[in-house]
Every structure is written in structure tokens, then in C-alpha cells.
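What follows is a single structure, written as C-alpha cells, with notes after it.
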Amino acid sequence: METLKERLAETETKAAIRISGAEAVIRCLLEEGVDLIYGYPGGAIMPVYDELFKFQDQLHHVLTRHEQGAAHAAQGYARVTGRVGVAMATSGPGATNLVTGIADAQIDSTPLVCITGQVARHLLGTDAFQETDIIGISTPVTKWSYQVTRAADIPKALAKAFYIARSGRPGPVLIDITKNAQFEEFDFSYKKCTGIRSYKPKPVVKPEKVQEAAAVINAAKKPFIVFGQGVILGRAEAELKAFIEKTGIPAASTALGLSALPSDHEFHTGMVGMHGNYAPNLLTNECDVLIALGMRFDDRVTGNLETYARQAKVLHFEIDPAEIDKNVKTDVAVLGDLKETLTQLLPLLEENRHESWHQKFKDMHAIEYDKVIRNDLFPEKEKLTMGEVIRRINTRTNNNAVIVSDVGQHQMIACRYARFNQTKSNVTSGGLGTMGFALPAAIGAKMGAMEREVVAIIGDGGYQMTIQELGTIFQTKVPVKIVVLNNDFLGMVRQWQQLFFDKRYASTELINPDFVTIAKGYHIPAKRVTRREDLDAAIDEMIASEEAYFLEVCVEKEDNVFPMIPTGASVSDCRLE
Amino acid sequence: MNNTYTVSIYSENNIGLLNRISAIFLKRHINIESLTVSESEIENVSRFVIVADMSEDQVRKIAGQLEKQIEVIKAYYHTDEETIYQETALFKIKSSLLFDERQIQNIIKNSNANIVTVAREFFVIEKTGRRHETDALYDELVPFGIMQFVRSGRIAVSKSEMNISALLREFQNA
């Protein structure tokens, strides 16, 4: 790596070096500090892969088994490292297979650079083999996209791509490179992008808005904080903690924000939203000031907007101006990078404890504990619950694991019960709800945080959407731990069918294969647990394993996730049963 | 309550941006009534003028989403009262009618329309004005037979200032 950097530094001071567009792609990636990418080769990207072969000691390429897997793996990597994830694919189907991951990254603000090959410039628009308009297809789900048809444009396009992906509110960028541009030679030099004249990544913080917010917070009798992934993306975890501890304000998280504050922090009151905790959901409609930090009032968080926090003054701390008043009308909008705004806010805040207000959260938590949590975590019934599996994983990993969850009941159980000591630990598909996310995302997460335990929690439905990535795990020997919570159902859909469609279980029952045998086919140690007395030992064995490990836990088939706010209902109508 | 809004977007002149901008309207199921793109008063800066019916809340959110696009410098929205706007219509009509139907000449004169060209087979009338004016001319000409009719999108300037040059400087210094 250093030798290349040196060589490049040398060449920059001298004259630019003459190389192919394909080699330029690799050198741009190295310039951006990329050492790991995920992808799948094919005709229109072959020149770049040829260069990858030459640079393989400096740029590690992970061959996934499907391009969707590459996109999700890059997402998992980005989510645990805070760096830009990179995925590469060929034109046509290779590119379209990335789209689900790109859409997921867009709605969850994950920095991603996707590089796709494209047919040669003279073939564009001729319906050539594996030609597809990937720029057109991906436009609505990318922060930015650009088609390069000349080698000389590659450095500038990739420099912009990385700058745009990671700055401001992060997001996915797609760069489509025609094959002729990969072959062409040109005089290469690289300059990092530091600004684009039409793009302002961070609004300038207005001190008067911070002061206004501080005055409202200081005067509040029952203030309540809801924080989101913006805290993690803005690296404002310490500022959040200081804010909460100085003011004594109870705080709850969105699903994506969960690990921004340690789960066992005395003022962390849990998760808001459809399957969030009882106290923060109900008390949203009792607080007098609602302080939203780096979150976007998603409909799964707010329920019916007509009845959401109407009694409260709403303060919205946010980097993206388009989020202000999008769903919830704000009284004070504090635009800017959260780390900057909270740093300015902190000295203006008065110390407080809000003890009786906290007591309300505790009282409601006790109700939820009696009605829901105890039965989930310490069940007395014969069949295993998803909750007790998560509880044991918490214990065995000392709350230090990265939990990568898929989408469905197990995801909500994981978000509800997984305990996090560290930030960037809850990797899940939030906004898009992409089944199939977890297995490939866990690969990327583990590669991004090799020192940490990474446990994928997946349902039997979502697992089979990207199950082919077991091949990637086998080939790369990445030691991820995979837990499939198998209820032989598409559980969340089944739950809705039970509650809202008179138990008409249309196409939700799964006749599943032998998952253990499949894992063993990939030479991954595997075990199935069906009885409570075997559970702890199996989880212990999995965590103790130094290589990848697959654990199938057969759980109660028809359990429901509660609390639940039915679609369109108010957060006040949070049901416990 | 819905209203007609003129959305003015200043942007970099970039391939693909039109797609990105129209997708923002599409995603919210808002029908674009008219759209024109041209170079603006600033070099290398394009100006989109988009007309659509929607609520104030919708247009405010759309402007926010538009400004979020990397190559968009600024998006403004105005009601009809806040803009000076015009559109142009062309009518292609059989030349023989110009001589046979005296009334047509009166119509052209009274409507302040211009004859752009006269050929052996047809002549072309151009009318610039508000929608109701081009509509009125259309209604008057229809009985005589119109070979072709086309109307441009709206072009509009705002009564209030849109200081893009200052914004661009601010962006660059940020």
C-alpha cells in the first residue's frame, strides 16, 4: 500500500502517469483508502477485474454469490465502520441485482459507492447484450449517479462519488462506466473532491436556533428525547450522552439509533415505534417537549400523525432540511450536523433530574414487563421463544456483539431485546425492510469489525432469500455467527393475518429444508436446537467457535410480537396483547 | 387546497438531472402540467420551469426534495400572482382559408396574434399570452379547421428576487 501511495505521490509531483481507465478505477479506490470491496465479475466490468488481479495485495475483493449480496455486504461494512462501502458489478443483470441494496442504503442513509460496468459507448441505446439503463433505474434510489463514457472522466467521477456518499446525510452513489472507458488510456492524476458548488452537505448552524431550543428545553416539565441513526452517522454519541445526563431527560431510540446510547443507561427508555416499548410510545403523547435528534419521523415510529405528540412542542435537530416539517410540524428546527448543534446546545442547558417524570416511564415499563417482556425472555411455556435466544446471546457476549438482523418478527425481537454497549452495533434494514439483508450484511459487518463478535439473527423466510451467501462465508472463512429463528412461517405477515385478516394464513407457511444439512454442505459447523435445556450450551458453543457457525433454533410457531401499534393507529393505542 | 404553482429550479447543466427531477414529482403522484428547461441568466446554470397543481404543503416538500439533489442549486415556488408568465401557441392552418374566410384575418388582428409564415399550402399563426388567451384563439379557429396546434410550456419570471449568483458564491465559500 505504502509503496503505491509513494509511487502515486511521486507521479503527482512529476507528470501524470498514462494508464487505462480500468487501472484508474483501482487507483482511485486506493486513493480513497478503500482496501475491501464486494462484487461479482461479468463481461462489461472485466477490464477492472483484470486490474484487480494485479492489485490484489492492496485491494481485497470479496466474491459474493449474488450482486445483491455484494450490496448488502458493503452496507454491513459501512454501518459498523462508518466508512464508505464499495460494491462492484457488471452491466445489465449484475447492475439491476444491486438495486435492492442501493434502495436500502438510500432510505437508511448508508454511504455506498457502487461501480457498474456498462456496454461500450458506441453500443449505448442499441439494446446490446447485457445493456440496461442502470442510471435511469437507480436514479430515484441514489443520492447521486453518473455515467462515465471516457477514461479521462473516471478520477473526477469517483472522487465526487466518495465525497457525496460520505458527506452530509450519507447515501448511495452509482458510477456506471462504459467498457471503452475502461480500456482507454489517459494521463492519470487524482485529486480528492472537497466541495461541489451546487451541493451544501451541512447547513450552517444558526446559534439563535440553538438558543431558542435551549430555552424550550430548560422550561420543559416533561421533556422527552427521541434519537435516531443521525447520532451515529454524525458521531455525536458522546454529546447525546452528555445532553441526557446533564438534563436528566428520558430518551428513547428509533430502531436504527438503538446502539447510539448504551442499552443499560439509566435514562435509555427503549425503542419507539410499532413494536417499540410501551412507555416511550405512550408518553410521546404526554410529554410537553419532544426533542427529535437525527431521526425522520418515519410512519413506523409515529403511527397516525393526526394524533402524534400534538400536545408537545417539537424540536427537530436534523442535518437534512428536507426532513423538517415533512411528517411532523416542528416548533423549533435546529439544522446542522448533530455533533455541532449538540456541542453548542450543551452549555446552554440547565441541570435537571425530572424524577417524577422518569417514574412514569418506570411504571409503564413495569406493566410492559409483566404483560410482555417476562414471557418473552423467561417463558414458562414448553416451546422456545425468540426473546430467550437474544437474552442468552446478550449474556454470552457481554452485550458487546454486533447484532445484524433481517426483517420480520425476529428483527423486532432483536431490536427490543438485544443489549448494546457500543455504538454501530445494531445493523438492520430499517426503512426499506429488506428480507435477505442480514446474511450478506453480517459478512460485511464482520469484515469491518474483525475484533468484534458479529451475530446475524435471521428468520427462516429472509434467510432463504440470500442463503447463497453461505458460499461467500465458506470461501472467505469469515467467522460470522448465524442464528436462524425458525418458526416455519413468514411470522410477521402471519401475525398480521391472525390479527387483521381473520387468521387466513395465505402463503405464509413455509415447508423448510434441513438448514443444518445445507450449512454443513458449505462445511460450516451447524447445530439445531429444539429444546430449552439445549439452548444455552448451543449458544455458548456458537460464540466460542473461532470459525463461522450456524445455529437453527426452532421456536414457537405462532408467537406474536407485542407491544404493537396497528397501522394507522395512534402511539397511544399501543397494544400489549 | 390545491393551487397552481410555478416551480423554478436553478441547476447545473447535467445529463440525467431532468430524470431525477421528474422522478420527485412522479414519486408523489403529482402530474406535471408543463416543463421547460433553458440556460439561465448565469453561465452554465440551467433553469427549469415546472407547473403543477398541488397543495402548498406538497410544493414546499417537493422544493425541499429538489434542493436535496446534488446538482440543484436552488428551487423556488410561486403562485400565479407572484409571477409574470407566458406561453406560446402555434396554429397551422390551410392557406386557402386566409383568402376565402375574411373572418380569420379579423380574428388574428383582434387577438394580437402574428402570422409567422405563409406558404402555398398552409400558414402559421403564433400567439403568446396566458392560457385563456391561447384557448380563446383556439376556440375561434376551430370552426375553420386547424391542421396542427401546439402549445409551449409556461415560462415565468418571479416578481421577487431569486439571487442565484449570491447563492453560488455562498456555496463555494461554505
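Please note that chains go A, B, ... in the order of the C-alpha cells, that every chain numbers its residues from 1, and that ligands are numbered from 1 in the order shown.
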Legend entry - Residues near Glu81 (chain B), cut-off 10 Å, only C-alpha atoms, skip fewer than 2 positions along chain, as a ChimeraX atom specification: /B:5,78-79,83-85,158-159
Legend entry - Contacts of region 128-137 of chain B within 12 Å, only C-alpha atoms, excl. fewer than 2 positions in-chain, as number ranges by chain: B: 33-34, 80, 83-91, 104, 106-115, 125-126, 139-144, 146, 149-156
For C-alpha atoms, I'd like the residues from the last selection saved as an mmCIF file, in the first residue's frame.
data_model
loop_
_atom_site.group_PDB
_atom_site.id
_atom_site.type_symbol
_atom_site.label_atom_id
_atom_site.label_comp_id
_atom_site.auth_asym_id
_atom_site.auth_seq_id
_atom_site.Cartn_x
_atom_site.Cartn_y
_atom_site.Cartn_z
ATOM 1 C CA GLU B 33 -48.655 20.355 -16.367
ATOM 2 C CA SER B 34 -45.751 21.875 -18.198
ATOM 3 C CA ASP B 80 -49.610 32.739 -10.388
ATOM 4 C CA THR B 83 -45.035 35.508 -11.272
ATOM 5 C CA ILE B 84 -45.100 37.035 -14.721
ATOM 6 C CA TYR B 85 -45.750 34.137 -17.044
ATOM 7 C CA GLN B 86 -46.481 33.455 -20.667
ATOM 8 C CA GLU B 87 -46.820 30.599 -23.055
ATOM 9 C CA THR B 88 -46.758 30.418 -26.824
ATOM 10 C CA ALA B 89 -49.137 28.591 -29.164
ATOM 11 C CA LEU B 90 -48.699 27.819 -32.861
ATOM 12 C CA PHE B 91 -51.623 27.161 -35.189
ATOM 13 C CA ILE B 104 -59.833 34.772 -39.996
ATOM 14 C CA ASN B 106 -60.066 39.763 -38.122
ATOM 15 C CA ILE B 107 -59.522 37.051 -35.562
ATOM 16 C CA ILE B 108 -55.777 37.291 -35.979
ATOM 17 C CA LYS B 109 -55.815 41.070 -35.690
ATOM 18 C CA ASN B 110 -58.145 41.164 -32.689
ATOM 19 C CA SER B 111 -56.213 38.544 -30.760
ATOM 20 C CA ASN B 112 -52.851 40.208 -31.212
ATOM 21 C CA ALA B 113 -51.533 37.077 -32.869
ATOM 22 C CA ASN B 114 -48.823 37.082 -35.506
ATOM 23 C CA ILE B 115 -48.543 35.309 -38.801
ATOM 24 C CA ILE B 125 -50.172 31.809 -36.546
ATOM 25 C CA GLU B 126 -48.245 32.443 -33.346
ATOM 26 C CA ASP B 139 -61.914 28.162 -29.929
ATOM 27 C CA GLU B 140 -62.305 30.820 -32.573
ATOM 28 C CA LEU B 141 -60.175 28.997 -35.140
ATOM 29 C CA VAL B 142 -61.529 25.514 -34.592
ATOM 30 C CA PRO B 143 -64.647 26.020 -36.779
ATOM 31 C CA PHE B 144 -62.391 26.774 -39.762
ATOM 32 C CA ILE B 146 -56.832 23.602 -37.638
ATOM 33 C CA PHE B 149 -51.927 23.023 -32.915
ATOM 34 C CA VAL B 150 -49.151 23.099 -30.332
ATOM 35 C CA ARG B 151 -48.660 24.990 -27.125
ATOM 36 C CA SER B 152 -45.367 25.537 -25.310
ATOM 37 C CA GLY B 153 -44.830 25.045 -21.616
ATOM 38 C CA ARG B 154 -45.083 28.033 -19.385
ATOM 39 C CA ILE B 155 -42.128 30.326 -18.964
ATOM 40 C CA ALA B 156 -42.171 32.557 -15.949
#
Check the DSSP output for the backbone and give back, as a PDB file with N, CA and C atoms, in the first residue's frame, the residues of region 198-243 of chain A in strand (DSSP E or B).
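Everything below was put into result_30.pdb:
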ATOM      1  N   TYR A 199     -23.818  21.882  -4.068  1.00  0.00           N
ATOM      2  CA  TYR A 199     -24.140  20.932  -3.000  1.00  0.00           C
ATOM      3  C   TYR A 199     -23.579  21.409  -1.672  1.00  0.00           C
ATOM      4  N   PRO A 223     -39.964  16.822  29.354  1.00  0.00           N
ATOM      5  CA  PRO A 223     -39.309  16.707  28.046  1.00  0.00           C
ATOM      6  C   PRO A 223     -38.958  15.254  27.733  1.00  0.00           C
ATOM      7  N   PHE A 224     -38.870  14.959  26.454  1.00  0.00           N
ATOM      8  CA  PHE A 224     -38.615  13.577  26.041  1.00  0.00           C
ATOM      9  C   PHE A 224     -37.773  13.613  24.765  1.00  0.00           C
ATOM     10  N   ILE A 225     -36.700  12.810  24.759  1.00  0.00           N
ATOM     11  CA  ILE A 225     -35.798  12.778  23.605  1.00  0.00           C
ATOM     12  C   ILE A 225     -36.056  11.520  22.776  1.00  0.00           C
ATOM     13  N   VAL A 226     -36.191  11.673  21.486  1.00  0.00           N
ATOM     14  CA  VAL A 226     -36.181  10.512  20.589  1.00  0.00           C
ATOM     15  C   VAL A 226     -34.980  10.686  19.660  1.00  0.00           C
ATOM     16  N   PHE A 227     -34.047   9.744  19.745  1.00  0.00           N
ATOM     17  CA  PHE A 227     -32.857   9.875  18.900  1.00  0.00           C
ATOM     18  C   PHE A 227     -32.820   8.780  17.839  1.00  0.00           C
TER      19      PHE A 227
END
Inset, instruction - Pull out every residue of chain B sitting within 12 Å of chain A, counting only C-alpha atoms, and send them as a PyMOL selection string. - result: chain B and resi 9-28+44-46+57-75+164-174
Selected residues written out with N, CA and C atoms, as a compact mmCIF listing (two decimals), in the first residue's frame:
# COMPACT_ATOMS: atom_id res chain seq x y z
N ILE B 9 -36.33 25.97 -10.88
CA ILE B 9 -35.17 25.26 -10.36
C ILE B 9 -33.92 25.73 -11.08
N TYR B 10 -32.96 26.20 -10.31
CA TYR B 10 -31.66 26.53 -10.89
C TYR B 10 -30.73 25.35 -10.64
N SER B 11 -30.05 24.90 -11.68
CA SER B 11 -29.23 23.70 -11.50
C SER B 11 -28.01 23.74 -12.41
N GLU B 12 -27.11 22.82 -12.12
CA GLU B 12 -26.01 22.57 -13.05
C GLU B 12 -26.62 21.96 -14.31
N ASN B 13 -25.98 22.18 -15.43
CA ASN B 13 -26.46 21.60 -16.68
C ASN B 13 -25.91 20.18 -16.78
N ASN B 14 -26.70 19.21 -16.35
CA ASN B 14 -26.17 17.87 -16.25
C ASN B 14 -27.12 16.83 -16.82
N ILE B 15 -26.56 15.94 -17.59
CA ILE B 15 -27.36 14.87 -18.19
C ILE B 15 -27.93 14.01 -17.06
N GLY B 16 -29.19 13.67 -17.17
CA GLY B 16 -29.79 12.82 -16.15
C GLY B 16 -30.55 13.58 -15.08
N LEU B 17 -30.28 14.88 -14.97
CA LEU B 17 -30.94 15.64 -13.90
C LEU B 17 -32.45 15.78 -14.15
N LEU B 18 -32.82 15.90 -15.42
CA LEU B 18 -34.25 16.01 -15.75
C LEU B 18 -35.00 14.79 -15.23
N ASN B 19 -34.39 13.63 -15.41
CA ASN B 19 -34.96 12.38 -14.94
C ASN B 19 -35.15 12.40 -13.42
N ARG B 20 -34.11 12.86 -12.75
CA ARG B 20 -34.10 12.91 -11.29
C ARG B 20 -35.20 13.86 -10.78
N ILE B 21 -35.34 14.99 -11.48
CA ILE B 21 -36.32 15.99 -11.06
C ILE B 21 -37.74 15.49 -11.31
N SER B 22 -37.96 14.92 -12.49
CA SER B 22 -39.33 14.46 -12.77
C SER B 22 -39.71 13.30 -11.87
N ALA B 23 -38.70 12.49 -11.46
CA ALA B 23 -38.98 11.36 -10.56
C ALA B 23 -39.50 11.83 -9.21
N ILE B 24 -39.08 13.01 -8.79
CA ILE B 24 -39.53 13.54 -7.50
C ILE B 24 -41.03 13.85 -7.54
N PHE B 25 -41.48 14.36 -8.69
CA PHE B 25 -42.92 14.60 -8.85
C PHE B 25 -43.66 13.28 -8.97
N LEU B 26 -43.09 12.38 -9.77
CA LEU B 26 -43.72 11.07 -10.00
C LEU B 26 -43.93 10.33 -8.69
N LYS B 27 -42.90 10.32 -7.84
CA LYS B 27 -42.96 9.56 -6.59
C LYS B 27 -44.13 10.02 -5.72
N ARG B 28 -44.50 11.30 -5.84
CA ARG B 28 -45.58 11.84 -5.03
C ARG B 28 -46.89 11.94 -5.81
N ASN B 44 -23.68 28.43 -17.65
CA ASN B 44 -23.63 27.03 -17.22
C ASN B 44 -24.65 26.66 -16.14
N VAL B 45 -25.58 27.54 -15.89
CA VAL B 45 -26.64 27.21 -14.94
C VAL B 45 -27.95 27.11 -15.70
N SER B 46 -28.63 25.97 -15.55
CA SER B 46 -29.89 25.76 -16.24
C SER B 46 -31.05 26.21 -15.36
N ASP B 57 -48.43 22.66 1.06
CA ASP B 57 -47.62 21.71 1.82
C ASP B 57 -46.83 20.80 0.87
N GLN B 58 -47.51 20.35 -0.19
CA GLN B 58 -46.83 19.47 -1.15
C GLN B 58 -45.70 20.19 -1.88
N VAL B 59 -45.97 21.41 -2.31
CA VAL B 59 -44.96 22.11 -3.11
C VAL B 59 -43.75 22.48 -2.23
N ARG B 60 -44.01 22.77 -0.97
CA ARG B 60 -42.91 23.07 -0.04
C ARG B 60 -42.02 21.84 0.13
N LYS B 61 -42.65 20.68 0.29
CA LYS B 61 -41.87 19.44 0.46
C LYS B 61 -41.13 19.08 -0.82
N ILE B 62 -41.79 19.29 -1.95
CA ILE B 62 -41.15 18.99 -3.23
C ILE B 62 -39.94 19.88 -3.43
N ALA B 63 -40.07 21.16 -3.09
CA ALA B 63 -38.93 22.06 -3.24
C ALA B 63 -37.77 21.57 -2.36
N GLY B 64 -38.10 21.08 -1.17
CA GLY B 64 -37.06 20.54 -0.27
C GLY B 64 -36.36 19.35 -0.89
N GLN B 65 -37.15 18.46 -1.48
CA GLN B 65 -36.55 17.27 -2.11
C GLN B 65 -35.72 17.67 -3.34
N LEU B 66 -36.20 18.67 -4.08
CA LEU B 66 -35.46 19.12 -5.26
C LEU B 66 -34.11 19.70 -4.86
N GLU B 67 -34.12 20.52 -3.82
CA GLU B 67 -32.87 21.16 -3.40
C GLU B 67 -31.87 20.15 -2.85
N LYS B 68 -32.38 19.02 -2.43
CA LYS B 68 -31.52 17.97 -1.90
C LYS B 68 -30.68 17.33 -3.00
N GLN B 69 -31.12 17.44 -4.25
CA GLN B 69 -30.36 16.82 -5.34
C GLN B 69 -29.02 17.54 -5.49
N ILE B 70 -28.01 16.75 -5.69
CA ILE B 70 -26.64 17.29 -5.67
C ILE B 70 -26.48 18.46 -6.64
N GLU B 71 -27.04 18.36 -7.84
CA GLU B 71 -26.79 19.37 -8.86
C GLU B 71 -27.80 20.52 -8.86
N VAL B 72 -28.75 20.46 -7.94
CA VAL B 72 -29.71 21.56 -7.86
C VAL B 72 -29.15 22.63 -6.93
N ILE B 73 -29.13 23.85 -7.45
CA ILE B 73 -28.60 24.96 -6.64
C ILE B 73 -29.71 25.48 -5.74
N LYS B 74 -30.87 25.70 -6.31
CA LYS B 74 -31.97 26.24 -5.52
C LYS B 74 -33.29 25.99 -6.23
N ALA B 75 -34.31 25.72 -5.46
CA ALA B 75 -35.66 25.57 -6.03
C ALA B 75 -36.58 26.58 -5.36
N ILE B 164 -29.41 33.92 -7.47
CA ILE B 164 -28.64 32.70 -7.61
C ILE B 164 -27.14 32.97 -7.57
N SER B 165 -26.70 34.06 -8.14
CA SER B 165 -25.26 34.35 -8.14
C SER B 165 -24.73 34.43 -6.72
N ALA B 166 -25.47 35.13 -5.85
CA ALA B 166 -25.04 35.25 -4.45
C ALA B 166 -25.03 33.89 -3.78
N LEU B 167 -26.06 33.07 -4.08
CA LEU B 167 -26.13 31.73 -3.50
C LEU B 167 -24.92 30.89 -3.91
N LEU B 168 -24.59 30.98 -5.18
CA LEU B 168 -23.46 30.19 -5.68
C LEU B 168 -22.17 30.60 -4.97
N ARG B 169 -22.01 31.90 -4.75
CA ARG B 169 -20.82 32.37 -4.03
C ARG B 169 -20.82 31.82 -2.62
N GLU B 170 -22.00 31.85 -1.97
CA GLU B 170 -22.13 31.37 -0.60
C GLU B 170 -21.78 29.88 -0.52
N PHE B 171 -22.27 29.12 -1.50
CA PHE B 171 -22.00 27.67 -1.54
C PHE B 171 -20.49 27.45 -1.63
N GLN B 172 -19.88 28.23 -2.52
CA GLN B 172 -18.45 28.00 -2.76
C GLN B 172 -17.60 28.35 -1.54
N ASN B 173 -18.08 29.33 -0.78
CA ASN B 173 -17.30 29.75 0.38
C ASN B 173 -17.62 28.95 1.63
N ALA B 174 -18.68 28.14 1.57
CA ALA B 174 -19.12 27.40 2.77
C ALA B 174 -18.07 26.37 3.19
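Residues of region 502-543 of chain A that DSSP places in helix (DSSP H, G or I), based on the backbone of this structure, are Phe515, Val516, Thr517, Ile518, Ala519, Lys520, Gly521, Arg532, Glu533, Asp534, Leu535, Asp536, Ala537, Ala538, Ile539, Asp540, Glu541, Met542 and Ile543 of chain A.
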Write a file of the selected residues as an mmCIF file, in the first residue's frame, keeping C-alpha atoms.
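selection_34.cif, freshly written:
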data_model
loop_
_atom_site.group_PDB
_atom_site.id
_atom_site.type_symbol
_atom_site.label_atom_id
_atom_site.label_comp_id
_atom_site.auth_asym_id
_atom_site.auth_seq_id
_atom_site.Cartn_x
_atom_site.Cartn_y
_atom_site.Cartn_z
ATOM 1 C CA PHE A 515 -30.956 -25.894 7.268
ATOM 2 C CA VAL A 516 -28.285 -27.739 9.232
ATOM 3 C CA THR A 517 -27.526 -30.025 6.319
ATOM 4 C CA ILE A 518 -27.331 -27.033 3.984
ATOM 5 C CA ALA A 519 -24.827 -25.288 6.281
ATOM 6 C CA LYS A 520 -22.821 -28.483 6.517
ATOM 7 C CA GLY A 521 -22.816 -28.650 2.748
ATOM 8 C CA ARG A 532 -34.829 -25.192 26.132
ATOM 9 C CA GLU A 533 -32.349 -27.339 28.026
ATOM 10 C CA ASP A 534 -30.047 -27.404 24.994
ATOM 11 C CA LEU A 535 -30.236 -23.724 24.132
ATOM 12 C CA ASP A 536 -27.616 -22.144 26.384
ATOM 13 C CA ALA A 537 -24.971 -24.718 25.606
ATOM 14 C CA ALA A 538 -25.580 -24.360 21.885
ATOM 15 C CA ILE A 539 -25.274 -20.571 22.015
ATOM 16 C CA ASP A 540 -22.147 -20.894 24.134
ATOM 17 C CA GLU A 541 -20.657 -23.293 21.612
ATOM 18 C CA MET A 542 -21.516 -20.934 18.764
ATOM 19 C CA ILE A 543 -19.982 -17.888 20.435
#
Legend entry - region 362-366 of chain A environment, 10 Å, only C-alpha atoms, sequence neighbours closer than 5 positions dropped, as a PyMOL selection string: chain A and resi 269-270+277-280+282-283+356-357+371-373
Suppose we keep N, CA and C atoms; can you now write the selection as a CSV table (one decimal), in the first residue's frame?
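Contents of result_39.csv, as written:
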chain,number,residue,atom,x,y,z
A,269,THR,N,-34.9,4.6,27.7
A,269,THR,CA,-36.2,4.0,28.0
A,269,THR,C,-36.6,3.1,26.9
A,270,GLY,N,-35.7,2.8,25.9
A,270,GLY,CA,-36.1,1.8,25.0
A,270,GLY,C,-36.3,2.3,23.6
A,277,ASN,N,-41.2,0.1,22.8
A,277,ASN,CA,-41.6,-0.1,24.1
A,277,ASN,C,-42.9,0.7,24.5
A,278,TYR,N,-43.5,0.2,25.5
A,278,TYR,CA,-44.8,0.8,25.9
A,278,TYR,C,-44.7,2.2,26.4
A,279,ALA,N,-43.7,2.4,27.4
A,279,ALA,CA,-43.6,3.7,28.0
A,279,ALA,C,-43.2,4.8,27.0
A,280,PRO,N,-42.2,4.7,26.2
A,280,PRO,CA,-41.9,5.8,25.3
A,280,PRO,C,-42.9,6.0,24.2
A,282,LEU,N,-46.3,5.6,24.6
A,282,LEU,CA,-47.5,6.3,25.2
A,282,LEU,C,-47.1,7.6,25.7
A,283,LEU,N,-45.9,7.8,26.3
A,283,LEU,CA,-45.5,9.1,26.8
A,283,LEU,C,-45.1,10.1,25.8
A,356,SER,N,-40.0,12.7,38.9
A,356,SER,CA,-41.4,12.1,38.8
A,356,SER,C,-41.7,11.7,37.4
A,357,TRP,N,-41.2,12.4,36.4
A,357,TRP,CA,-41.4,12.1,35.0
A,357,TRP,C,-40.7,10.8,34.7
A,371,LYS,N,-46.6,-7.9,31.3
A,371,LYS,CA,-47.5,-8.4,30.2
A,371,LYS,C,-46.7,-9.1,29.1
A,372,VAL,N,-45.5,-8.6,28.8
A,372,VAL,CA,-44.8,-9.0,27.6
A,372,VAL,C,-43.4,-9.5,27.8
A,373,ILE,N,-42.6,-8.7,28.4
A,373,ILE,CA,-41.2,-9.0,28.5
A,373,ILE,C,-40.8,-10.2,29.2
Inset, instruction - Within 8 Å of Ile458 (chain A), counting only C-alpha atoms, which residues show up once you throw out same-chain ones fewer than 2 positions away? Write them as a PyMOL selection string, please. - result: chain A and resi 405-407+410-411+438-439+456+460+462-463+482-485
